[in-house]
>>> print(open('run_17.txt').read())   # compact mmCIF, C-alpha atoms
# COMPACT_ATOMS: atom_id res chain seq x y z
CA ALA A 1 111.36 119.89 111.81
CA CYS A 2 112.58 116.58 110.42
CA SER A 3 116.29 117.27 110.62
CA SER A 4 116.90 114.32 112.96
CA VAL A 5 115.21 111.09 113.94
CA SER A 6 114.88 108.58 116.73
CA ARG A 7 116.86 105.41 116.18
CA ARG A 8 115.16 103.70 119.08
CA ALA A 9 112.28 101.27 119.05
CA ARG A 10 108.74 102.20 118.15
CA GLY A 11 107.21 104.63 120.60
CA ALA A 12 110.53 106.08 121.80
CA SER A 13 111.04 109.83 121.81
CA SER A 14 113.06 111.37 118.99
CA VAL A 15 116.63 112.53 119.53
CA SER A 16 117.22 116.25 119.37
CA ALA A 17 118.75 117.94 116.35
CA SER A 18 121.94 118.53 118.31
CA GLU A 19 122.29 114.79 118.96
CA ALA A 20 121.98 113.74 115.32
CA THR A 21 123.76 114.51 112.07
CA ALA A 22 121.72 116.90 109.94
CA PRO A 23 120.84 115.05 106.72
CA GLU A 24 122.38 116.44 103.56
CA ALA A 25 120.62 114.28 100.95
CA LEU A 26 116.93 113.52 100.61
CA LEU A 27 115.11 110.42 99.43
CA THR A 28 111.41 110.86 98.75
CA ASP A 29 108.38 108.75 97.99
CA ILE A 30 105.89 110.08 95.41
CA GLU A 31 102.28 109.01 95.99
CA GLY A 32 100.93 110.65 99.14
CA THR A 33 104.22 112.49 99.66
CA THR A 34 105.10 114.81 96.76
CA SER A 35 101.81 114.15 95.02
CA SER A 36 98.23 113.17 95.76
CA ILE A 37 97.20 109.55 96.09
CA SER A 38 94.09 110.32 94.05
CA PHE A 39 96.04 111.26 90.89
CA VAL A 40 97.60 107.81 90.68
CA LYS A 41 94.44 105.92 91.59
CA GLU A 42 91.93 108.03 89.67
CA VAL A 43 93.95 109.02 86.58
CA LEU A 44 97.01 106.84 85.95
CA PHE A 45 95.67 103.43 86.99
CA PRO A 46 92.39 103.67 84.99
CA TYR A 47 94.29 104.93 81.93
CA ALA A 48 96.70 101.98 82.05
CA ARG A 49 93.86 99.51 82.61
CA ARG A 50 91.94 100.76 79.57
CA ALA A 51 94.99 100.94 77.32
CA LEU A 52 96.59 97.62 78.30
CA PRO A 53 94.79 95.22 75.87
CA ALA A 54 95.50 97.32 72.76
CA PHE A 55 99.06 98.03 73.94
CA VAL A 56 99.87 94.32 74.35
CA GLN A 57 98.22 93.43 71.05
CA LYS A 58 100.29 96.06 69.22
CA HIS A 59 103.62 95.77 71.07
CA GLY A 60 103.52 92.35 72.74
CA GLN A 61 106.27 90.86 70.57
CA GLU A 62 108.72 93.70 71.04
CA PRO A 63 111.61 92.53 73.26
CA GLN A 64 111.25 95.19 75.97
CA VAL A 65 107.53 94.42 76.29
CA ARG A 66 107.84 90.64 75.91
CA ARG A 67 110.35 90.56 78.76
CA TRP A 68 107.82 91.89 81.25
CA LEU A 69 104.88 89.90 79.89
CA ASP A 70 106.92 86.72 80.31
CA ALA A 71 107.97 87.77 83.81
CA ALA A 72 104.31 88.24 84.76
CA ALA A 73 103.40 84.91 83.16
CA MET A 74 106.00 83.08 85.24
CA ASP A 75 104.54 84.50 88.44
CA ILE A 76 101.04 83.33 87.53
CA GLY A 77 102.02 79.76 86.69
CA GLY A 78 103.46 80.03 83.20
CA VAL A 79 100.27 81.21 81.46
CA SER A 80 101.04 81.44 77.75
CA SER A 81 98.05 83.39 76.44
CA ASP A 82 98.60 87.14 76.23
CA HIS A 83 94.85 87.59 76.64
CA CYS A 84 94.98 85.81 80.00
CA ILE A 85 98.09 87.75 81.04
CA VAL A 86 96.33 91.04 80.25
CA GLU A 87 93.29 90.05 82.32
CA ILE A 88 95.49 89.18 85.29
CA LEU A 89 97.49 92.38 84.90
CA GLN A 90 94.25 94.35 84.93
CA GLN A 91 93.26 92.52 88.10
CA TRP A 92 96.62 93.47 89.62
CA ILE A 93 95.93 97.13 88.73
CA ASP A 94 92.58 96.90 90.53
CA GLU A 95 94.38 95.43 93.56
CA ASP A 96 97.21 98.02 93.38
CA ARG A 97 99.65 95.14 93.38
CA LYS A 98 103.31 96.20 93.60
CA HIS A 99 104.67 93.91 90.88
CA THR A 100 107.78 95.00 88.98
CA ALA A 101 106.52 93.66 85.62
CA LEU A 102 103.20 95.46 85.97
CA LYS A 103 104.92 98.70 86.94
CA ALA A 104 107.23 98.49 83.93
CA LEU A 105 104.35 97.92 81.51
CA GLN A 106 102.31 100.71 83.08
CA GLY A 107 105.25 103.04 82.63
CA MET A 108 105.37 102.31 78.92
CA ILE A 109 101.65 102.97 78.58
CA TRP A 110 101.75 106.17 80.64
CA LYS A 111 104.51 107.50 78.38
CA THR A 112 101.97 107.73 75.56
CA GLY A 113 99.43 109.49 77.73
CA TYR A 114 101.95 112.06 78.89
CA ALA A 115 103.29 112.59 75.37
CA GLN A 116 99.78 113.21 74.06
CA GLY A 117 99.08 115.69 76.84
CA GLU A 118 96.14 113.70 78.17
CA TYR A 119 97.15 114.56 81.74
CA HIS A 120 99.90 116.18 83.80
CA ALA A 121 101.31 114.69 86.98
CA HIS A 122 99.99 116.25 90.15
CA MET A 123 102.46 117.94 92.50
CA TYR A 124 101.66 119.60 95.80
CA PRO A 125 102.87 123.21 95.42
CA ASP A 126 104.82 123.04 98.69
CA ALA A 127 106.61 119.92 97.41
CA SER A 128 107.67 121.34 94.05
CA ALA A 129 108.81 124.59 95.71
CA ALA A 130 110.76 122.79 98.44
CA LEU A 131 112.43 120.40 96.00
CA ALA A 132 113.62 123.35 93.92
CA ARG A 133 114.80 125.15 97.05
CA TRP A 134 116.70 122.12 98.39
CA HIS A 135 118.30 121.48 95.01
CA ALA A 136 119.43 125.09 94.78
CA ALA A 137 120.91 124.80 98.28
CA GLY A 138 123.02 121.84 97.14
CA HIS A 139 121.08 118.95 98.69
CA PRO A 140 121.12 115.86 96.42
CA LEU A 141 117.56 114.62 95.82
CA HIS A 142 116.55 111.05 95.07
CA VAL A 143 113.25 109.25 94.50
CA TYR A 144 112.24 105.80 95.78
CA SER A 145 108.83 104.60 94.63
CA SER A 146 107.09 101.34 93.84
CA GLY A 147 106.53 102.68 90.33
CA SER A 148 109.25 101.84 87.83
CA VAL A 149 112.16 104.21 87.32
CA ALA A 150 110.86 104.89 83.80
CA ALA A 151 107.44 105.80 85.21
CA GLN A 152 109.04 108.04 87.84
CA ARG A 153 111.01 109.93 85.21
CA LEU A 154 107.87 110.39 83.12
CA PHE A 155 105.96 111.59 86.16
CA PHE A 156 108.46 114.28 87.11
CA ALA A 157 109.05 115.29 83.48
CA HIS A 158 105.36 116.11 83.00
CA THR A 159 104.19 117.71 86.24
CA GLU A 160 101.85 120.65 86.70
CA ALA A 161 104.97 122.55 87.79
CA GLY A 162 106.89 121.64 84.64
CA ASP A 163 109.83 119.30 84.11
CA LEU A 164 111.34 118.60 87.54
CA THR A 165 113.71 115.79 86.51
CA PRO A 166 116.80 118.09 86.55
CA LEU A 167 116.30 118.46 90.31
CA PHE A 168 117.01 114.79 90.99
CA SER A 169 120.28 112.90 91.22
CA GLY A 170 118.74 109.43 91.09
CA PHE A 171 115.58 107.35 90.85
CA PHE A 172 115.00 103.95 92.51
CA ASP A 173 112.21 101.38 92.30
CA THR A 174 111.46 97.92 93.71
CA GLU A 175 114.44 96.43 91.88
CA MET A 176 116.26 97.77 94.97
CA GLY A 177 113.90 95.61 97.05
CA GLY A 178 110.56 96.08 98.78
CA LYS A 179 109.88 99.45 100.36
CA ARG A 180 109.13 97.86 103.71
CA GLU A 181 112.46 96.02 103.84
CA ALA A 182 115.50 97.59 105.52
CA ALA A 183 117.88 95.97 103.02
CA SER A 184 116.33 98.04 100.21
CA TYR A 185 117.46 101.27 101.85
CA THR A 186 120.91 99.82 102.44
CA ASN A 187 121.05 99.06 98.70
CA ILE A 188 120.08 102.64 97.87
CA LEU A 189 122.72 104.03 100.22
CA ALA A 190 125.33 101.92 98.44
CA ALA A 191 124.10 103.18 95.06
CA ILE A 192 124.29 106.85 96.02
CA GLY A 193 127.51 106.42 98.00
CA ARG A 194 126.37 108.06 101.23
CA PRO A 195 126.24 106.95 104.87
CA ALA A 196 122.78 106.51 106.35
CA ALA A 197 123.15 109.47 108.72
CA GLU A 198 123.35 111.85 105.75
CA VAL A 199 120.04 110.79 104.18
CA LEU A 200 116.50 111.81 105.12
CA PHE A 201 113.63 109.66 103.82
CA LEU A 202 110.19 111.23 103.32
CA SER A 203 107.12 109.02 103.00
CA ASP A 204 103.44 108.83 103.91
CA VAL A 205 103.73 105.11 104.81
CA VAL A 206 104.80 104.41 108.38
CA GLU A 207 106.01 100.88 107.62
CA GLU A 208 108.35 102.20 104.93
CA LEU A 209 109.75 104.69 107.41
CA ASP A 210 110.25 101.88 109.92
CA ALA A 211 112.37 99.98 107.39
CA ALA A 212 114.39 103.09 106.49
CA ARG A 213 115.03 103.84 110.15
CA GLU A 214 116.18 100.25 110.69
CA ALA A 215 118.74 100.88 107.93
CA GLY A 216 119.92 103.99 109.78
CA LEU A 217 118.30 106.75 107.73
CA SER A 218 116.62 109.80 109.21
CA THR A 219 112.88 109.67 108.59
CA CYS A 220 109.88 111.96 108.30
CA LEU A 221 106.21 111.04 108.09
CA VAL A 222 104.35 113.19 105.56
CA ASP A 223 100.76 113.22 106.81
CA ARG A 224 98.88 115.39 104.33
CA PRO A 225 95.26 116.13 105.29
CA GLU A 226 94.28 115.89 101.60
CA ASP A 227 95.33 112.23 101.59
CA TYR A 228 94.83 111.37 105.27
CA PRO A 229 91.78 113.22 106.66
CA GLN A 230 92.27 111.42 109.97
CA PRO A 231 95.62 112.70 111.32
CA ARG A 232 98.17 110.10 112.37
CA THR A 233 99.61 111.23 115.66
CA GLY A 234 100.99 109.68 118.85
CA GLU A 235 101.58 105.95 118.60
CA ALA A 236 100.40 105.96 114.97
CA THR A 237 103.61 107.74 113.94
CA HIS A 238 105.83 104.90 115.29
CA GLY A 239 108.09 107.60 116.70
CA HIS A 240 108.78 109.24 113.33
CA ARG A 241 108.63 113.01 113.07
CA ARG A 242 105.42 114.17 111.41
CA VAL A 243 104.75 117.04 109.00
CA VAL A 244 101.73 118.04 106.95
CA SER A 245 103.74 119.74 104.17
CA PHE A 246 107.28 120.01 102.86
CA ASP A 247 107.44 123.55 104.26
CA GLU A 248 108.08 121.96 107.66
CA VAL A 249 111.07 119.91 106.50
CA THR A 250 114.54 121.36 107.12
CA PRO A 251 117.27 119.04 105.78
CA GLU A 252 119.92 121.67 106.43
CA GLY A 253 119.28 121.30 110.16
>>> encode(input="run_17.txt", output="structure tokens")
Amino acid sequence: ACSSVSRRARGASSVSASEATAPEALLTDIEGTTSSISFVKEVLFPYARRALPAFVQKHGQEPQVRRWLDAAAMDIGGVSSDHCIVEILQQWIDEDRKHTALKALQGMIWKTGYAQGEYHAHMYPDASAALARWHAAGHPLHVYSSGSVAAQRLFFAHTEAGDLTPLFSGFFDTEMGGKREAASYTNILAAIGRPAAEVLFLSDVVEELDAAREAGLSTCLVDRPEDYPQPRTGEATHGHRRVVSFDEVTPEG
């Protein structure tokens, strides 16, 4: 149950728990892993899209906002009009583009929505219960998501299960690098000061797990039927262990 992982090529059989170090720390994705994909796509993204024009008009000259608007402008050819930047940012939301500037701005907008109680972040009950259980057992917990660190903190501070931020020792976003790049996981290991063998990464995205495994981490594919009605088994798992809920994960070996 996800206490060890194959370090061989895709399609190879996993090593047994006795052959691998039992992970002590956990690194988890959010969307499709701790929480439903639909919450992000059907609640958070539309809210940010609607609120973006008024937000930029009101706060566009504030340094922390201007920084990210200018960063987005540089990536779209130096566009100087905030109106044009907003339209392109809205297009990026529609495309679910993983752009650091967009994620930062969305985080600022979502903060207002959370503060006003317009929504609470979805958590699968098995995930919130397991995270609390692992934390109580002394396992350091960390988050790695394409959403900004600020957005991650907001998310876990306003969940249906309450404020879960005290459970976590660290939050990481794409400033560590892309989630499908092995170097990103190496950067995270350096930041938390642990060897790869001590860390288990949980995600619903096989390619992210491939990158984490390349960096030496243990891996576990979270294949929730609510998010993936067609189960991913056999070759589709790329040799990663598969679970359908956090109840099946045993970091303590």
>>> axis_aligned_box(input="run_17.txt", around="region 23-28 of chain A", padding_each_side="8 Å", output="JSON")
{"center_x": 116.9, "center_y": 113.4, "center_z": 102.7, "size_x": 27.0, "size_y": 22.0, "size_z": 24.0}
>>> residues_around(input="run_17.txt", residues="region 225-229 of chain A", least_positions_apart="6", cutoff="7 Å", atoms="only C-alpha atoms", output="VMD selection string")
chain A and resid 32 36 to 37 244
>>> atom_distance(input="run_17.txt", atom1="CA of Phe55 (chain A)", atom2="CA of Arg97 (chain A)")
19.7 Å
>>> atom_distance(input="run_17.txt", atom1="CA of Ser146 (chain A)", atom2="CA of Ser81 (chain A)")
26.6 Å
>>> residues_around(input="run_17.txt", residues="Asp223 (chain A)", least_positions_apart="4", cutoff="7 Å", atoms="all atoms listed in the file", output="PDB file with C-alpha atoms, in the frame of the given file")
ATOM      1  CA  ASP A 204     103.440 108.830 103.910  1.00  0.00           C
ATOM      2  CA  TYR A 228      94.830 111.370 105.270  1.00  0.00           C
ATOM      3  CA  PRO A 231      95.620 112.700 111.320  1.00  0.00           C
ATOM      4  CA  ARG A 232      98.170 110.100 112.370  1.00  0.00           C
ATOM      5  CA  ARG A 242     105.420 114.170 111.410  1.00  0.00           C
ATOM      6  CA  VAL A 243     104.750 117.040 109.000  1.00  0.00           C
ATOM      7  CA  VAL A 244     101.730 118.040 106.950  1.00  0.00           C
TER       8      VAL A 244
END
>>> residues_around(input="run_17.txt", residues="Leu164 (chain A)", least_positions_apart="2", cutoff="10 Å", atoms="all atoms listed in the file", output="list in words")
Ser128, Leu131, Ala132, Arg153, Leu154, Phe155, Phe156, Ala157, His158, Thr159, Glu160, Ala161, Gly162, Pro166, Leu167 and Phe168 of chain A
>>> write_last_selection(input="run_17.txt", atoms="C-alpha atoms", output="PDB file, in the frame of the given file")
ATOM      1  CA  SER A 128     107.670 121.340  94.050  1.00  0.00           C
ATOM      2  CA  LEU A 131     112.430 120.400  96.000  1.00  0.00           C
ATOM      3  CA  ALA A 132     113.620 123.350  93.920  1.00  0.00           C
ATOM      4  CA  ARG A 153     111.010 109.930  85.210  1.00  0.00           C
ATOM      5  CA  LEU A 154     107.870 110.390  83.120  1.00  0.00           C
ATOM      6  CA  PHE A 155     105.960 111.590  86.160  1.00  0.00           C
ATOM      7  CA  PHE A 156     108.460 114.280  87.110  1.00  0.00           C
ATOM      8  CA  ALA A 157     109.050 115.290  83.480  1.00  0.00           C
ATOM      9  CA  HIS A 158     105.360 116.110  83.000  1.00  0.00           C
ATOM     10  CA  THR A 159     104.190 117.710  86.240  1.00  0.00           C
ATOM     11  CA  GLU A 160     101.850 120.650  86.700  1.00  0.00           C
ATOM     12  CA  ALA A 161     104.970 122.550  87.790  1.00  0.00           C
ATOM     13  CA  GLY A 162     106.890 121.640  84.640  1.00  0.00           C
ATOM     14  CA  PRO A 166     116.800 118.090  86.550  1.00  0.00           C
ATOM     15  CA  LEU A 167     116.300 118.460  90.310  1.00  0.00           C
ATOM     16  CA  PHE A 168     117.010 114.790  90.990  1.00  0.00           C
TER      17      PHE A 168
END
>>> closest_residue(input="run_17.txt", among="A:Arg49, A:His238, A:His83, A:His135", to="Gly107 (chain A)", atoms="all atoms listed in the file")
A:Arg49
>>> closest_residue(input="run_17.txt", among="A:Met74, A:Ala136, A:Ile88, A:Leu52", to="Leu105 (chain A)", atoms="all atoms listed in the file")
A:Leu52
>>> atom_distance(input="run_17.txt", atom1="CA of Ala104 (chain A)", atom2="CA of Glu214 (chain A)")
28.3 Å
>>> residues_around(input="run_17.txt", residues="Ala215 (chain A)", least_positions_apart="3", cutoff="8 Å", atoms="only C-alpha atoms", output="PyMOL selection string")
chain A and resi 182-183+185-186+196+211-212
>>> closest_residue(input="run_17.txt", among="A:Asp75, A:Glu198, A:Glu181, A:Glu118", to="Ser218 (chain A)", atoms="all atoms listed in the file")
A:Glu198
>>> closest_residue(input="run_17.txt", among="A:Gly60, A:Ala48, A:Ser184, A:Glu87", to="Gly113 (chain A)", atoms="all atoms listed in the file")
A:Ala48
>>> closest_residue(input="run_17.txt", among="A:Val143, A:Ala151, A:Gly193, A:Thr34", to="Lys179 (chain A)", atoms="all atoms listed in the file")
A:Val143
>>> residues_around(input="run_17.txt", residues="Asp70 (chain A)", least_positions_apart="6", cutoff="10 Å", atoms="only C-alpha atoms", output="list of chain:residue names")
A:Ile76, A:Gly78, A:Val79, A:Ser80, A:Asp82, A:Ile85, A:Ala101
